[in-house]
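Dropping entry.cif in here (mmCIF, C-alpha atoms):
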data_structure
#
loop_
_atom_site.group_PDB
_atom_site.id
_atom_site.type_symbol
_atom_site.label_atom_id
_atom_site.label_comp_id
_atom_site.auth_asym_id
_atom_site.auth_seq_id
_atom_site.Cartn_x
_atom_site.Cartn_y
_atom_site.Cartn_z
ATOM 1 C CA ALA A 1 -27.581 29.490 1.920
ATOM 2 C CA ALA A 2 -27.253 25.741 1.810
ATOM 3 C CA ALA A 3 -23.961 24.245 3.019
ATOM 4 C CA ALA A 4 -21.477 23.375 0.290
ATOM 5 C CA PRO A 5 -21.439 19.663 -0.486
ATOM 6 C CA LYS A 6 -18.531 17.639 0.875
ATOM 7 C CA THR A 7 -16.039 16.767 -1.850
ATOM 8 C CA GLN A 8 -14.773 13.551 -0.234
ATOM 9 C CA SER A 9 -16.862 10.425 0.150
ATOM 10 C CA GLN A 10 -18.180 9.828 3.638
ATOM 11 C CA PRO A 11 -16.387 6.802 5.075
ATOM 12 C CA SER A 12 -17.249 4.670 8.013
ATOM 13 C CA VAL A 13 -14.683 5.163 10.766
ATOM 14 C CA ALA A 14 -13.577 2.823 13.541
ATOM 15 C CA PHE A 15 -11.457 3.623 16.585
ATOM 16 C CA SER A 16 -9.168 1.188 18.398
ATOM 17 C CA GLY A 17 -7.052 1.538 21.520
ATOM 18 C CA PHE A 18 -8.495 4.831 22.761
ATOM 19 C CA PRO A 19 -9.662 5.109 26.380
ATOM 20 C CA GLU A 20 -13.072 6.571 27.051
ATOM 21 C CA GLY A 21 -12.854 10.310 27.552
ATOM 22 C CA GLU A 22 -12.937 13.774 26.029
ATOM 23 C CA ARG A 23 -10.387 13.017 23.296
ATOM 24 C CA LEU A 24 -12.328 10.060 21.928
ATOM 25 C CA ASP A 25 -15.603 11.961 22.318
ATOM 26 C CA GLY A 26 -14.125 14.763 20.228
ATOM 27 C CA PHE A 27 -13.093 12.354 17.477
ATOM 28 C CA LEU A 28 -16.559 10.791 17.428
ATOM 29 C CA ALA A 29 -18.164 14.230 17.251
ATOM 30 C CA THR A 30 -15.954 15.153 14.280
ATOM 31 C CA VAL A 31 -16.933 12.029 12.358
ATOM 32 C CA SER A 32 -20.607 12.661 13.066
ATOM 33 C CA SER A 33 -20.460 16.352 12.113
ATOM 34 C CA LEU A 34 -18.880 15.497 8.756
ATOM 35 C CA GLY A 35 -21.611 12.992 7.920
ATOM 36 C CA GLY A 36 -19.608 9.840 8.531
ATOM 37 C CA SER A 37 -20.609 6.779 10.546
ATOM 38 C CA VAL A 38 -18.785 5.052 13.383
ATOM 39 C CA VAL A 39 -18.170 1.293 13.281
ATOM 40 C CA GLU A 40 -18.218 -0.334 16.713
ATOM 41 C CA ASP A 41 -18.176 -4.021 15.786
ATOM 42 C CA ALA A 42 -15.114 -5.699 14.250
ATOM 43 C CA THR A 43 -17.406 -7.842 12.086
ATOM 44 C CA ALA A 44 -18.615 -4.683 10.299
ATOM 45 C CA LEU A 45 -15.148 -3.513 9.209
ATOM 46 C CA SER A 46 -14.793 -3.396 5.426
ATOM 47 C CA ALA A 47 -12.721 -1.882 2.651
ATOM 48 C CA SER A 48 -14.648 1.391 2.988
ATOM 49 C CA THR A 49 -13.762 1.729 6.687
ATOM 50 C CA VAL A 50 -10.947 3.894 8.005
ATOM 51 C CA MET A 51 -9.462 2.592 11.289
ATOM 52 C CA VAL A 52 -7.955 5.180 13.623
ATOM 53 C CA VAL A 53 -5.464 3.874 16.193
ATOM 54 C CA GLU A 54 -3.428 5.454 18.972
ATOM 55 C CA PRO A 55 0.229 4.761 18.088
ATOM 56 C CA SER A 56 1.802 6.211 21.229
ATOM 57 C CA PRO A 57 3.327 4.643 23.192
ATOM 58 C CA ASN A 58 2.185 1.469 21.409
ATOM 59 C CA VAL A 59 -0.664 0.300 19.199
ATOM 60 C CA SER A 60 -2.948 -2.028 21.160
ATOM 61 C CA ARG A 61 -3.463 -5.419 19.525
ATOM 62 C CA THR A 62 -7.246 -5.402 19.641
ATOM 63 C CA ILE A 63 -9.685 -7.601 17.751
ATOM 64 C CA LYS A 64 -10.516 -4.599 15.575
ATOM 65 C CA LEU A 65 -6.844 -4.159 14.682
ATOM 66 C CA LEU A 66 -6.443 -7.831 13.770
ATOM 67 C CA VAL A 67 -9.416 -7.523 11.414
ATOM 68 C CA ALA A 68 -8.522 -4.080 10.068
ATOM 69 C CA VAL A 69 -5.041 -5.087 8.933
ATOM 70 C CA SER A 70 -6.697 -7.434 6.426
ATOM 71 C CA VAL A 71 -9.455 -5.198 5.119
ATOM 72 C CA CYS A 72 -9.000 -1.446 5.535
ATOM 73 C CA ASP A 73 -6.716 1.560 5.909
ATOM 74 C CA ILE A 74 -5.245 2.195 9.367
ATOM 75 C CA VAL A 75 -4.400 5.802 10.211
ATOM 76 C CA THR A 76 -3.111 7.958 13.055
ATOM 77 C CA PRO A 77 -5.321 10.418 14.970
ATOM 78 C CA GLU A 78 -3.860 13.272 12.936
ATOM 79 C CA TRP A 79 -6.190 12.219 10.125
ATOM 80 C CA VAL A 80 -9.229 13.092 12.238
ATOM 81 C CA ASP A 81 -7.618 16.415 13.174
ATOM 82 C CA ALA A 82 -7.022 17.168 9.464
ATOM 83 C CA CYS A 83 -10.614 16.287 8.616
ATOM 84 C CA ARG A 84 -11.902 18.629 11.309
ATOM 85 C CA ALA A 85 -9.631 21.434 10.121
ATOM 86 C CA ALA A 86 -10.738 20.976 6.493
ATOM 87 C CA ASP A 87 -14.398 20.544 7.469
ATOM 88 C CA GLN A 88 -14.533 17.440 5.285
ATOM 89 C CA PHE A 89 -13.030 13.985 5.102
ATOM 90 C CA VAL A 90 -9.566 14.206 3.550
ATOM 91 C CA PRO A 91 -7.517 11.491 1.799
ATOM 92 C CA VAL A 92 -5.804 9.101 4.184
ATOM 93 C CA ASP A 93 -2.503 8.822 2.289
ATOM 94 C CA ALA A 94 -0.507 11.264 4.437
ATOM 95 C CA TYR A 95 -1.779 9.730 7.677
ATOM 96 C CA LEU A 96 -1.394 5.994 7.109
ATOM 97 C CA LEU A 97 0.210 4.116 9.996
ATOM 98 C CA GLY A 98 3.832 3.143 9.347
ATOM 99 C CA GLU A 99 6.479 1.591 11.582
ATOM 100 C CA CYS A 100 5.401 1.310 15.192
ATOM 101 C CA ALA A 101 5.121 -1.148 18.061
ATOM 102 C CA VAL A 102 2.149 -3.356 18.902
ATOM 103 C CA SER A 103 1.457 -4.438 22.465
ATOM 104 C CA SER A 104 -0.678 -7.187 23.958
ATOM 105 C CA LYS A 105 -0.734 -8.388 27.552
ATOM 106 C CA GLY A 106 2.414 -6.427 28.336
ATOM 107 C CA VAL A 107 4.397 -7.809 25.402
ATOM 108 C CA LYS A 108 5.584 -5.319 22.793
ATOM 109 C CA VAL A 109 6.684 -6.252 19.262
ATOM 110 C CA PRO A 110 7.798 -4.059 16.344
ATOM 111 C CA TRP A 111 5.351 -3.773 13.458
ATOM 112 C CA ASP A 112 5.644 -2.295 9.988
ATOM 113 C CA ALA A 113 2.043 -1.470 9.126
ATOM 114 C CA ALA A 114 3.054 -0.201 5.674
ATOM 115 C CA LYS A 115 4.491 -3.571 4.649
ATOM 116 C CA ALA A 116 1.439 -5.359 6.034
ATOM 117 C CA ARG A 117 -0.827 -3.013 4.051
ATOM 118 C CA THR A 118 1.067 -3.731 0.820
ATOM 119 C CA ARG A 119 0.827 -7.487 1.344
ATOM 120 C CA ALA A 120 -2.875 -7.325 2.191
ATOM 121 C CA ALA A 121 -3.549 -5.345 -0.973
ATOM 122 C CA ALA A 122 -1.732 -7.951 -3.062
ATOM 123 C CA ALA A 123 -3.673 -10.965 -1.738
ATOM 124 C CA PRO A 124 -5.638 -11.999 1.363
ATOM 125 C CA CYS A 125 -3.222 -13.483 3.896
ATOM 126 C CA LEU A 126 -5.255 -16.641 4.558
ATOM 127 C CA ARG A 127 -6.855 -17.154 1.148
ATOM 128 C CA GLY A 128 -7.243 -20.813 0.251
ATOM 129 C CA ARG A 129 -6.638 -22.048 3.820
ATOM 130 C CA THR A 130 -9.119 -23.794 6.096
ATOM 131 C CA PHE A 131 -8.942 -23.737 9.894
ATOM 132 C CA TYR A 132 -10.430 -25.532 12.885
ATOM 133 C CA ILE A 133 -10.255 -23.521 16.129
ATOM 134 C CA THR A 134 -10.079 -25.261 19.504
ATOM 135 C CA LYS A 135 -11.890 -24.055 22.630
ATOM 136 C CA THR A 136 -8.741 -22.878 24.450
ATOM 137 C CA THR A 137 -7.488 -20.188 22.068
ATOM 138 C CA SER A 138 -7.044 -16.515 22.855
ATOM 139 C CA PRO A 139 -8.918 -14.712 21.365
ATOM 140 C CA ASP A 140 -11.721 -17.243 21.660
ATOM 141 C CA ALA A 141 -13.038 -19.270 18.744
ATOM 142 C CA ASP A 142 -15.843 -16.849 17.829
ATOM 143 C CA LYS A 143 -13.468 -13.884 17.573
ATOM 144 C CA LEU A 144 -10.797 -15.882 15.745
ATOM 145 C CA LYS A 145 -13.411 -17.044 13.246
ATOM 146 C CA VAL A 146 -14.146 -13.422 12.323
ATOM 147 C CA ILE A 147 -10.435 -12.561 12.091
ATOM 148 C CA ILE A 148 -9.680 -15.602 9.912
ATOM 149 C CA GLU A 149 -12.593 -15.095 7.543
ATOM 150 C CA LYS A 150 -11.857 -11.369 7.120
ATOM 151 C CA ALA A 151 -8.332 -12.423 6.091
ATOM 152 C CA GLY A 152 -9.712 -14.699 3.371
ATOM 153 C CA GLY A 153 -9.623 -17.998 5.248
ATOM 154 C CA ALA A 154 -12.389 -20.500 5.925
ATOM 155 C CA THR A 155 -13.318 -22.288 9.142
ATOM 156 C CA VAL A 156 -14.893 -25.616 10.029
ATOM 157 C CA GLU A 157 -16.736 -26.498 13.222
ATOM 158 C CA THR A 158 -15.674 -30.121 13.697
ATOM 159 C CA LEU A 159 -12.445 -32.082 13.641
ATOM 160 C CA PRO A 160 -12.100 -34.700 10.907
ATOM 161 C CA THR A 161 -12.241 -38.400 11.761
ATOM 162 C CA VAL A 162 -10.407 -39.343 8.577
ATOM 163 C CA ALA A 163 -7.794 -37.472 6.567
ATOM 164 C CA PRO A 164 -9.442 -34.489 4.832
ATOM 165 C CA ARG A 165 -9.109 -34.127 1.082
ATOM 166 C CA SER A 166 -7.656 -30.618 1.380
ATOM 167 C CA PRO A 167 -5.260 -29.262 4.027
ATOM 168 C CA LEU A 168 -6.693 -28.315 7.407
ATOM 169 C CA VAL A 169 -4.904 -26.146 9.976
ATOM 170 C CA VAL A 170 -5.856 -26.690 13.625
ATOM 171 C CA VAL A 171 -5.429 -23.483 15.638
ATOM 172 C CA CYS A 172 -4.670 -24.549 19.185
ATOM 173 C CA THR A 173 -2.718 -24.113 22.419
ATOM 174 C CA ASP A 174 -0.556 -26.437 24.490
ATOM 175 C CA ARG A 175 -3.650 -27.320 26.538
ATOM 176 C CA ASP A 176 -5.158 -29.124 23.551
ATOM 177 C CA ARG A 177 -2.722 -32.036 23.412
ATOM 178 C CA ARG A 178 -5.211 -34.643 24.630
ATOM 179 C CA GLU A 179 -8.007 -33.520 22.292
ATOM 180 C CA LEU A 180 -5.666 -33.522 19.296
ATOM 181 C CA GLN A 181 -4.070 -36.926 19.884
ATOM 182 C CA CYS A 182 -6.498 -38.407 17.371
ATOM 183 C CA LEU A 183 -4.977 -36.249 14.639
ATOM 184 C CA GLN A 184 -1.389 -37.380 15.053
ATOM 185 C CA GLY A 185 -0.077 -38.708 11.777
ATOM 186 C CA MET A 186 -3.263 -37.782 9.895
ATOM 187 C CA ARG A 187 -2.531 -36.641 6.374
ATOM 188 C CA ASN A 188 -3.401 -33.062 5.375
ATOM 189 C CA VAL A 189 -3.732 -31.897 9.004
ATOM 190 C CA SER A 190 -1.303 -29.543 10.728
ATOM 191 C CA GLU A 191 -1.301 -27.655 14.011
ATOM 192 C CA LEU A 192 -0.663 -23.943 14.534
ATOM 193 C CA ARG A 193 -0.485 -22.159 17.881
ATOM 194 C CA ASP A 194 -2.872 -19.241 18.277
ATOM 195 C CA ALA A 195 -0.042 -16.783 18.964
ATOM 196 C CA GLU A 196 1.678 -17.774 15.722
ATOM 197 C CA LEU A 197 -1.493 -17.186 13.715
ATOM 198 C CA LEU A 198 -1.909 -13.696 15.181
ATOM 199 C CA ALA A 199 1.718 -12.892 14.354
ATOM 200 C CA TYR A 200 1.150 -14.018 10.754
ATOM 201 C CA LEU A 201 -1.943 -11.851 10.512
ATOM 202 C CA LEU A 202 -0.186 -8.732 11.776
ATOM 203 C CA GLN A 203 2.517 -9.199 9.170
ATOM 204 C CA GLN A 204 -0.020 -10.343 6.538
ATOM 205 C CA LYS A 205 2.403 -13.143 5.732
ATOM 206 C CA TYR A 206 1.568 -16.774 6.422
ATOM 207 C CA GLY A 207 4.496 -18.898 7.624
#
Starting from the file, give its structure as structure tokens.
Amino acid sequence: AAAAPKTQSQPSVAFSGFPEGERLDGFLATVSSLGGSVVEDATALSASTVMVVEPSPNVSRTIKLLVAVSVCDIVTPEWVDACRAADQFVPVDAYLLGECAVSSKGVKVPWDAAKARTRAAAAPCLRGRTFYITKTTSPDADKLKVIIEKAGGATVETLPTVAPRSPLVVVCTDRDRRELQCLQGMRNVSELRDAELLAYLLQQKYG
């Protein structure tokens, strides 16, 4: 007899913060066996993606996470376990990530993923804002461009020589002082440190 059709839609699934090994391999096998697809590239994350993160001891602040917080549901590994047990993809509601801690380069900060999810659903965090990214940022300019645009922002490739008509935010570090001297006093231009931007994105609240 033919297998019964799955009652839940088949999502694309991304994983972030998991080391290579049997546990991750098992999760990937579950997604594949249920007819889902695995997203490897942060640029491919979308509203139909489910992001699975490892919350213990801390959630790793990866590029995927910084994109996912703007565009898709973020769940704990128990969601994959529930899908395997049900032999189909189950709703994410009971497995959505809540209060936790996010770590990057040894620094740990508290994070309320539920509040960030509510804000992201209300409006894109960076909608209506335009950014120029310097060459010294971390993540680098190419990765930040993806993160910014997934959060509703726009980017430009060159610094203005005259005051722009609409506000421009220059994402930079302390090493950019010489390059940015030409912007001092220029109307409609402001500077924002890269670490501040990432903090805004995690909270889905600008400023």
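Nearest-residue note for Glu99 (chain A): choosing from A:Ala151, A:Leu65, A:Cys125, A:Val59, the minimum distance belongs to A:Val59, counting only C-alpha atoms.
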Subject >> Non-local contacts of region 33-47 of chain A (7 Å; only C-alpha atoms; under 4 positions in same chain excluded) as a list in words >> reply: Gln10, Pro11, Ser12, Val13, Ala14, Ala29, Ile63, Lys64, Val67, Ala68, Val71, Cys72, Asp87, Gln88 and Val146 of chain A
Please write the residues from the selection above to a file, keeping C-alpha atoms, as a PDB file, in the frame of the given file.
ATOM      1  CA  GLN A  10     -18.180   9.828   3.638  1.00  0.00           C
ATOM      2  CA  PRO A  11     -16.387   6.802   5.075  1.00  0.00           C
ATOM      3  CA  SER A  12     -17.249   4.670   8.013  1.00  0.00           C
ATOM      4  CA  VAL A  13     -14.683   5.163  10.766  1.00  0.00           C
ATOM      5  CA  ALA A  14     -13.577   2.823  13.541  1.00  0.00           C
ATOM      6  CA  ALA A  29     -18.164  14.230  17.251  1.00  0.00           C
ATOM      7  CA  ILE A  63      -9.685  -7.601  17.751  1.00  0.00           C
ATOM      8  CA  LYS A  64     -10.516  -4.599  15.575  1.00  0.00           C
ATOM      9  CA  VAL A  67      -9.416  -7.523  11.414  1.00  0.00           C
ATOM     10  CA  ALA A  68      -8.522  -4.080  10.068  1.00  0.00           C
ATOM     11  CA  VAL A  71      -9.455  -5.198   5.119  1.00  0.00           C
ATOM     12  CA  CYS A  72      -9.000  -1.446   5.535  1.00  0.00           C
ATOM     13  CA  ASP A  87     -14.398  20.544   7.469  1.00  0.00           C
ATOM     14  CA  GLN A  88     -14.533  17.440   5.285  1.00  0.00           C
ATOM     15  CA  VAL A 146     -14.146 -13.422  12.323  1.00  0.00           C
TER      16      VAL A 146
END
Cys83 (chain A) environment, 9 Å, all atoms listed in the file, sequence neighbours closer than 5 positions dropped, as an mmCIF file with C-alpha atoms, keeping the file's coordinate frame:
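Written out: part.cif:
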data_model
loop_
_atom_site.group_PDB
_atom_site.id
_atom_site.type_symbol
_atom_site.label_atom_id
_atom_site.label_comp_id
_atom_site.auth_asym_id
_atom_site.auth_seq_id
_atom_site.Cartn_x
_atom_site.Cartn_y
_atom_site.Cartn_z
ATOM 1 C CA THR A 30 -15.954 15.153 14.280
ATOM 2 C CA VAL A 31 -16.933 12.029 12.358
ATOM 3 C CA LEU A 34 -18.880 15.497 8.756
ATOM 4 C CA GLU A 78 -3.860 13.272 12.936
ATOM 5 C CA GLN A 88 -14.533 17.440 5.285
ATOM 6 C CA PHE A 89 -13.030 13.985 5.102
ATOM 7 C CA VAL A 90 -9.566 14.206 3.550
ATOM 8 C CA PRO A 91 -7.517 11.491 1.799
#
Practice task
I need the residue set behind the PyMOL selection byres ((chain A and resi 187) around 12) for this file; please write it as a ChimeraX atom specification.
Solution key: /A:160-169,182-186,188-191
### Radius query 7 Å about (-6.2, -21.1, 23.1), atoms used: all atoms listed in the file, as number ranges by chain
A: 134-138, 140, 172-173, 194
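Shortest separation to Ala195 (chain A) among A:Ala116, A:Ala123, A:Val171, A:Ala141 occurs at residue A:Val171, atoms counted being only C-alpha atoms.
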Take the PyMOL selection byres ((chain A and resi 53) around 9), run it mentally on this structure, and tell me the resulting residues as an MDAnalysis selection string.
chainID A and resid 14:18 51:52 54:55 59:60 65 74:77 97
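Atom to atom, CA of Asp93 (chain A) and CA of Ile147 (chain A) stand 24.8 Å apart.
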Exercise on region 118-135 of chain A, axis-aligned box with 8 Å per side, report centre and edge lengths in Å to one decimal, as AutoDock Vina command-line options:
--center_x -5.4 --center_y -14.6 --center_z 9.8 --size_x 29.0 --size_y 37.8 --size_z 41.7
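Take CA of Gly152 (chain A) and CA of Ser103 (chain A): the distance between them is 24.4 Å.
Between CA of Lys105 (chain A) and CA of Ala120 (chain A) there is a distance of 25.5 Å.
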If you count only C-alpha atoms, the residue of A:Val102, A:Thr155, A:Gly26, A:Ala121 closest to Arg84 (chain A) turns out to be A:Gly26
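With only C-alpha atoms as the atoms that count, the minimum distance from Glu149 (chain A) to the choices A:Leu24, A:Leu66, A:Val109, A:Ala101 is reached by A:Leu66.
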Using all atoms listed in the file, the best pick from A:Arg127, A:Leu96, A:Glu22, A:Leu28 as closest to Leu201 (chain A) would be A:Arg127
